[in-house]
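Structure data follow from model_37.txt (compact mmCIF, C-alpha atoms):
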# COMPACT_ATOMS: atom_id res chain seq x y z
CA MET A 1 1.12 25.93 -11.28
CA ALA A 2 -2.11 25.53 -13.23
CA ALA A 3 -5.26 24.97 -11.24
CA PRO A 4 -6.48 21.36 -11.42
CA ASP A 5 -9.32 20.62 -13.83
CA ALA A 6 -12.67 20.89 -12.18
CA GLY A 7 -13.70 17.38 -11.20
CA PHE A 8 -10.20 15.86 -10.95
CA ALA A 9 -8.44 15.36 -7.64
CA ASP A 10 -4.70 15.89 -7.34
CA PRO A 11 -2.11 14.71 -8.00
CA VAL A 12 -1.88 14.25 -11.76
CA LEU A 13 -0.36 10.80 -12.05
CA ARG A 14 2.64 11.13 -14.37
CA LEU A 15 3.54 7.74 -15.78
CA SER A 16 6.00 6.88 -18.53
CA THR A 17 4.69 4.81 -21.40
CA ALA A 18 7.27 2.17 -20.49
CA TYR A 19 5.86 1.90 -16.97
CA TYR A 20 2.33 1.87 -18.40
CA ARG A 21 3.30 -1.11 -20.57
CA THR A 22 4.85 -2.88 -17.55
CA ILE A 23 1.64 -2.46 -15.59
CA VAL A 24 -0.64 -3.62 -18.41
CA ALA A 25 1.60 -6.60 -19.24
CA HIS A 26 1.56 -7.74 -15.61
CA CYS A 27 -2.24 -7.47 -15.58
CA TYR A 28 -2.58 -9.68 -18.66
CA ASP A 29 0.05 -12.09 -17.30
CA GLY A 30 -2.01 -12.47 -14.13
CA LEU A 31 -5.14 -13.73 -15.90
CA PRO A 32 -7.43 -15.34 -14.95
CA ASP A 33 -6.63 -13.76 -11.57
CA GLU A 34 -6.46 -10.12 -10.60
CA ALA A 35 -2.93 -8.74 -10.81
CA CYS A 36 -1.50 -6.04 -8.57
CA GLY A 37 1.52 -3.90 -8.02
CA LEU A 38 2.88 -0.82 -6.31
CA LEU A 39 3.97 2.64 -7.38
CA ALA A 40 6.75 4.75 -5.91
CA GLY A 41 7.68 8.36 -6.36
CA PRO A 42 8.68 11.61 -4.70
CA VAL A 43 6.52 12.94 -1.87
CA ASP A 44 6.28 16.40 -0.37
CA ALA A 45 7.11 17.38 3.21
CA ASP A 46 3.68 16.15 4.37
CA GLY A 47 4.20 12.78 2.72
CA HIS A 48 1.77 13.50 -0.12
CA PRO A 49 2.69 12.07 -3.52
CA LYS A 50 3.77 14.69 -6.02
CA GLY A 51 2.35 12.56 -8.82
CA LEU A 52 5.50 11.45 -10.64
CA VAL A 53 5.87 7.67 -10.76
CA SER A 54 9.56 6.87 -10.48
CA ALA A 55 9.21 3.12 -10.02
CA VAL A 56 6.65 0.41 -10.68
CA TYR A 57 6.73 -2.88 -8.79
CA PRO A 58 4.69 -5.75 -10.23
CA CYS A 59 3.73 -7.88 -7.21
CA VAL A 60 2.29 -11.28 -6.45
CA ASN A 61 -1.43 -11.37 -5.69
CA ALA A 62 -1.33 -13.46 -2.51
CA ASP A 63 -5.07 -14.17 -2.88
CA ALA A 64 -4.53 -15.78 -6.33
CA SER A 65 -8.14 -14.83 -7.05
CA ALA A 66 -10.11 -13.36 -9.92
CA ARG A 67 -12.20 -11.38 -7.43
CA THR A 68 -9.79 -10.07 -4.81
CA TYR A 69 -6.16 -9.12 -4.44
CA THR A 70 -3.71 -8.76 -1.59
CA VAL A 71 -0.20 -7.51 -2.35
CA GLU A 72 2.17 -10.24 -1.15
CA SER A 73 3.64 -8.79 2.04
CA ARG A 74 7.23 -9.61 1.09
CA ASP A 75 6.77 -7.62 -2.16
CA LEU A 76 5.35 -4.73 -0.15
CA LEU A 77 8.37 -4.72 2.17
CA HIS A 78 10.83 -4.87 -0.74
CA ALA A 79 9.10 -2.05 -2.63
CA MET A 80 8.87 0.16 0.45
CA ARG A 81 12.54 -0.29 1.30
CA ASP A 82 13.58 0.31 -2.31
CA ALA A 83 11.57 3.53 -2.54
CA GLN A 84 12.77 4.82 0.82
CA SER A 85 16.41 4.04 -0.04
CA ARG A 86 16.04 6.64 -2.80
CA GLY A 87 14.47 9.23 -0.52
CA GLU A 88 11.03 8.53 -1.96
CA ASP A 89 8.07 6.50 -0.76
CA LEU A 90 5.30 4.22 -1.96
CA ILE A 91 2.62 6.43 -3.49
CA GLY A 92 0.00 3.97 -4.61
CA VAL A 93 -1.18 0.59 -5.74
CA TRP A 94 -2.63 -0.66 -8.99
CA HIS A 95 -4.65 -3.75 -9.69
CA SER A 96 -6.69 -5.23 -12.50
CA HIS A 97 -10.40 -5.83 -12.85
CA THR A 98 -10.63 -8.79 -15.16
CA HIS A 99 -14.29 -8.31 -16.14
CA SER A 100 -15.41 -5.01 -14.73
CA ASP A 101 -14.66 -1.36 -15.29
CA ALA A 102 -11.61 0.59 -14.15
CA TYR A 103 -13.42 1.97 -11.13
CA PRO A 104 -12.92 1.07 -7.45
CA SER A 105 -15.25 -1.68 -6.26
CA ASP A 106 -16.94 -1.56 -2.85
CA THR A 107 -14.17 -3.87 -1.59
CA ASP A 108 -11.55 -1.53 -2.99
CA VAL A 109 -13.10 1.45 -1.23
CA ARG A 110 -13.48 -0.41 2.06
CA GLN A 111 -9.88 -1.61 2.05
CA ALA A 112 -8.24 1.63 0.86
CA LEU A 113 -6.31 2.45 4.02
CA GLU A 114 -3.95 5.14 2.73
CA PRO A 115 -5.61 8.53 2.20
CA SER A 116 -2.56 9.97 0.45
CA TRP A 117 -2.15 7.18 -2.06
CA VAL A 118 -3.36 6.92 -5.63
CA TYR A 119 -5.37 3.83 -6.40
CA ALA A 120 -5.10 2.86 -10.05
CA LEU A 121 -7.36 0.38 -11.76
CA VAL A 122 -6.72 -1.45 -15.01
CA SER A 123 -9.79 -2.87 -16.68
CA LEU A 124 -9.32 -5.85 -18.99
CA LYS A 125 -13.03 -5.96 -19.77
CA HIS A 126 -12.73 -4.67 -23.34
CA ALA A 127 -10.35 -5.33 -26.23
CA GLU A 128 -8.12 -2.45 -25.11
CA PRO A 129 -6.99 -2.06 -21.48
CA VAL A 130 -8.20 1.01 -19.60
CA LEU A 131 -6.13 2.54 -16.78
CA ARG A 132 -7.65 5.13 -14.46
CA SER A 133 -6.45 6.56 -11.18
CA TYR A 134 -8.26 7.66 -8.04
CA ARG A 135 -7.89 8.99 -4.53
CA ILE A 136 -10.04 7.17 -1.97
CA ARG A 137 -10.51 9.18 1.22
CA GLU A 138 -13.01 8.30 3.92
CA GLY A 139 -15.03 6.24 1.52
CA VAL A 140 -15.15 8.94 -1.15
CA VAL A 141 -13.68 8.21 -4.57
CA ALA A 142 -12.22 11.06 -6.64
CA GLU A 143 -10.64 10.51 -10.02
CA CYS A 144 -7.15 11.80 -10.81
CA GLU A 145 -5.81 12.67 -14.21
CA VAL A 146 -3.28 10.26 -15.70
CA SER A 147 -0.60 11.79 -17.91
CA LEU A 148 1.48 9.39 -20.01
CA THR A 149 4.94 10.71 -20.80
CA ASP A 150 7.40 9.59 -23.45
CA SER A 151 10.22 7.54 -21.96
CA MET B 152 5.52 3.00 11.77
CA PRO B 153 3.36 3.08 8.68
CA THR B 154 2.02 6.49 7.66
CA LEU B 155 -1.43 5.40 8.74
CA LEU B 156 -0.42 4.96 12.39
CA ARG B 157 1.98 7.87 12.76
CA PRO B 158 -0.70 10.29 14.02
CA HIS B 159 -1.12 7.97 17.03
CA VAL B 160 2.58 8.23 17.92
CA GLY B 161 3.03 11.96 17.56
CA GLY B 162 3.82 11.87 13.84
CA VAL B 163 7.18 10.09 14.01
CA ALA B 164 8.22 7.36 11.63
CA THR B 165 10.24 5.34 14.14
CA VAL B 166 9.61 4.53 17.79
CA SER B 167 11.68 2.46 20.23
CA SER B 168 10.36 0.00 22.71
CA ASP B 169 11.32 -3.00 24.82
CA GLY B 170 10.11 -6.51 25.22
CA ALA B 171 11.07 -10.14 24.92
CA THR B 172 8.60 -10.86 22.14
CA VAL B 173 6.81 -8.90 19.43
CA GLY B 174 3.66 -9.09 21.52
CA ASP B 175 5.46 -7.60 24.54
CA VAL B 176 6.83 -4.79 22.41
CA PHE B 177 3.40 -4.01 20.99
CA HIS B 178 1.74 -4.02 24.41
CA ALA B 179 4.44 -1.63 25.65
CA LEU B 180 3.82 0.63 22.65
CA ILE B 181 0.06 0.57 23.20
CA GLY B 182 0.68 1.49 26.84
CA GLN B 183 2.77 4.43 25.67
CA PHE B 184 0.48 5.40 22.77
CA PRO B 185 -3.08 4.36 23.61
CA GLY B 186 -4.25 5.46 20.15
CA LEU B 187 -2.59 2.32 18.77
CA ALA B 188 -5.02 0.06 20.64
CA GLY B 189 -7.10 -1.94 18.18
CA ASN B 190 -4.78 -1.14 15.26
CA LEU B 191 -2.01 -3.61 16.00
CA ILE B 192 -3.71 -6.30 18.05
CA ASP B 193 -7.35 -7.27 17.63
CA ASP B 194 -9.90 -8.09 20.34
CA ASP B 195 -8.82 -11.75 20.39
CA GLY B 196 -5.24 -10.79 21.16
CA GLN B 197 -4.08 -11.72 17.66
CA LEU B 198 -2.09 -9.64 15.21
CA HIS B 199 -4.62 -7.47 13.37
CA LYS B 200 -5.32 -9.11 10.03
CA PHE B 201 -4.73 -5.90 8.07
CA VAL B 202 -1.22 -5.48 9.51
CA ASN B 203 2.00 -7.15 8.35
CA VAL B 204 4.91 -7.19 10.76
CA TYR B 205 8.53 -8.01 9.91
CA ARG B 206 11.27 -8.71 12.43
CA ASN B 207 14.18 -7.53 10.32
CA ASP B 208 13.44 -9.35 7.04
CA ASP B 209 11.18 -12.10 8.35
CA ASP B 210 7.37 -11.93 8.35
CA ILE B 211 6.38 -12.85 11.91
CA ARG B 212 3.42 -14.85 10.59
CA TYR B 213 5.99 -17.39 9.36
CA LEU B 214 7.79 -17.32 12.72
CA GLU B 215 5.92 -17.45 16.02
CA GLY B 216 3.54 -14.54 15.38
CA LEU B 217 3.24 -12.27 18.40
CA ASP B 218 5.32 -14.80 20.39
CA THR B 219 8.30 -14.24 18.08
CA LYS B 220 11.30 -13.37 20.21
CA VAL B 221 13.08 -10.08 19.68
CA THR B 222 16.58 -9.06 20.70
CA ASP B 223 18.33 -5.74 21.13
CA GLY B 224 18.63 -3.88 17.85
CA ASP B 225 15.92 -5.82 16.02
CA VAL B 226 13.87 -3.66 13.70
CA LEU B 227 10.14 -4.33 13.55
CA SER B 228 8.58 -2.99 10.35
CA ILE B 229 4.84 -2.51 10.43
CA LEU B 230 3.07 -2.37 7.07
CA PRO B 231 -0.67 -2.20 6.56
CA ALA B 232 -2.11 -4.79 4.19
CA VAL B 233 -2.62 -3.52 0.67
CA ALA B 234 -5.68 -5.26 -0.68
CA GLY B 235 -8.96 -4.91 -2.48
CA GLY B 236 -11.13 -6.62 -5.02
What would you get if you wrote out this structure as structure tokens?
Amino acid sequence: MAAPDAGFADPVLRLSTAYYRTIVAHCYDGLPDEACGLLAGPVDADGHPKGLVSAVYPCVNADASARTYTVESRDLLHAMRDAQSRGEDLIGVWHSHTHSDAYPSDTDVRQALEPSWVYALVSLKHAEPVLRSYRIREGVVAECEVSLTDS
Amino acid sequence: MPTLLRPHVGGVATVSSDGATVGDVFHALIGQFPGLAGNLIDDDGQLHKFVNVYRNDDDIRYLEGLDTKVTDGDVLSILPAVAGG
């Protein structure tokens, strides 16, 4: 296994272009509010995501706000049960920043409760959407590589 | 138990407990695993606002909250809130 690039945290988030389009479409559909959703995939024996995204769950933003998001708890329950029924687990959450960059806000950092998850941001600030992925551990943000795959 | 709280219960994903209501069950769990104190129930005795709890498929916030009755075999799923801004 190749050593990770200096400066990137693991895992490399491996996302199909189809899932990427699903995520971006949900973010645009959510305007003017922030949109959010969950990611599922295989995890290792310690529960750490391996990086492959095997399912994407667009969710309702229960806050219905352009400044904050909360994944609707019923969507969270459904996604968790679906992932676990396949022997996998939830591995992260994505949400949109309607007018700011694809980087975790102070609120995002404060409310990132899962140290093993990836936190992906989609910025709609510019003409083209930007998706970036991060680990947030004890208040420290570290970017992860995102690898888009054909399928 | 959500991943976040498993270290407080010896690393297991599922624990069993007894009680007539969700609140009773949680107090019994906190008695058994003191590390859970403050994570499930806040200082006002309310369900912690960053925690979602389901009795089977029903969110207890839409039932009677911590006073929601539980019966033998009910599964309580605890999920931390996923939120940001």
- Taking into account only C-alpha atoms, which residue in the set B:Phe177, B:Phe201, B:Phe184, B:Tyr213 is nearest to Leu113 in chain A? B:Phe201
- Query: Quick one: distance from CA of Cys59 in chain A to CA of Lys125 in chain A in Å, one decimal?
  - Reply: 21.0 Å
- Message: Using only C-alpha atoms and a distance of at most 6 Å, pull out the residues of chain A that contact chain B, as number ranges by chain.
- Response: A: 67-71, 107-108, 111
- For Ala120 in chain A, which residue out of A:Ala18, A:Ala35, A:Ala64, A:Ala45 is the nearest one, using only C-alpha atoms? A:Ala35
Non-local contacts of Lys220 in chain B (9 Å; all atoms listed in the file; under 2 positions in same chain excluded) as a short mmCIF file (atom, residue, chain, number, x, y, z; two decimals) with C-alpha atoms, in the coordinates of the input:
data_model
loop_
_atom_site.label_atom_id
_atom_site.label_comp_id
_atom_site.auth_asym_id
_atom_site.auth_seq_id
_atom_site.Cartn_x
_atom_site.Cartn_y
_atom_site.Cartn_z
CA GLY B 170 10.11 -6.51 25.22
CA ALA B 171 11.07 -10.14 24.92
CA THR B 172 8.60 -10.86 22.14
CA VAL B 173 6.81 -8.90 19.43
CA GLY B 174 3.66 -9.09 21.52
CA GLU B 215 5.92 -17.45 16.02
CA LEU B 217 3.24 -12.27 18.40
CA ASP B 218 5.32 -14.80 20.39
CA THR B 222 16.58 -9.06 20.70
#
- Taking all atoms listed in the file into account, which of B:Asp169, B:His178, B:Gly196, B:Gly186 comes nearest Arg157 in chain B?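 Closest to Arg157 in chain B, using all atoms listed in the file: B:Gly186.
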- Task: Find the spatial neighbours of Trp117 in chain A, counting all atoms listed in the file, within a cut-off of 7 Å - ignore same-chain residues fewer than 6 positions away - and output them as an NGL selection string.
- Result: :A and (91-92 or 135)
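For the pair CA of Ala188 in chain B and CA of Leu76 in chain A, the interatomic distance is 23.7 Å.
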In the coordinate frame of the file, compute which residues have an atom within 10 Å of (7.2, -7.3, -1.6) when using all atoms listed in the file, and state them as a PDB file with C-alpha atoms, keeping the file's coordinate frame.
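Result file part_9.pdb:
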ATOM      1  CA  GLY A  37       1.520  -3.900  -8.020  1.00  0.00           C
ATOM      2  CA  LEU A  38       2.880  -0.820  -6.310  1.00  0.00           C
ATOM      3  CA  TYR A  57       6.730  -2.880  -8.790  1.00  0.00           C
ATOM      4  CA  PRO A  58       4.690  -5.750 -10.230  1.00  0.00           C
ATOM      5  CA  CYS A  59       3.730  -7.880  -7.210  1.00  0.00           C
ATOM      6  CA  VAL A  60       2.290 -11.280  -6.450  1.00  0.00           C
ATOM      7  CA  VAL A  71      -0.200  -7.510  -2.350  1.00  0.00           C
ATOM      8  CA  GLU A  72       2.170 -10.240  -1.150  1.00  0.00           C
ATOM      9  CA  SER A  73       3.640  -8.790   2.040  1.00  0.00           C
ATOM     10  CA  ARG A  74       7.230  -9.610   1.090  1.00  0.00           C
ATOM     11  CA  ASP A  75       6.770  -7.620  -2.160  1.00  0.00           C
ATOM     12  CA  LEU A  76       5.350  -4.730  -0.150  1.00  0.00           C
ATOM     13  CA  LEU A  77       8.370  -4.720   2.170  1.00  0.00           C
ATOM     14  CA  HIS A  78      10.830  -4.870  -0.740  1.00  0.00           C
ATOM     15  CA  ALA A  79       9.100  -2.050  -2.630  1.00  0.00           C
ATOM     16  CA  MET A  80       8.870   0.160   0.450  1.00  0.00           C
ATOM     17  CA  ARG A  81      12.540  -0.290   1.300  1.00  0.00           C
ATOM     18  CA  ASP A  82      13.580   0.310  -2.310  1.00  0.00           C
TER      19      ASP A  82
END
- Could you check how far CA of Arg21 in chain A sits from CA of Gly47 in chain A, in Å to one decimal?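 It comes out at 27.1 Å.
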- Task: Using all atoms listed in the file, pick whichever of A:Ala112, A:Ala62, A:Val118, A:Ala25 has the shortest atom-to-atom distance to Lys50 in chain A.
- Result: A:Val118
- Query: So which residues touch Pro32 in chain A within 10 Å, counting only C-alpha atoms, skipping near sequence neighbours fewer than 3 positions away, as a PyMOL selection string?
  - Reply: chain A and resi 27-29+35+64-67+98-99
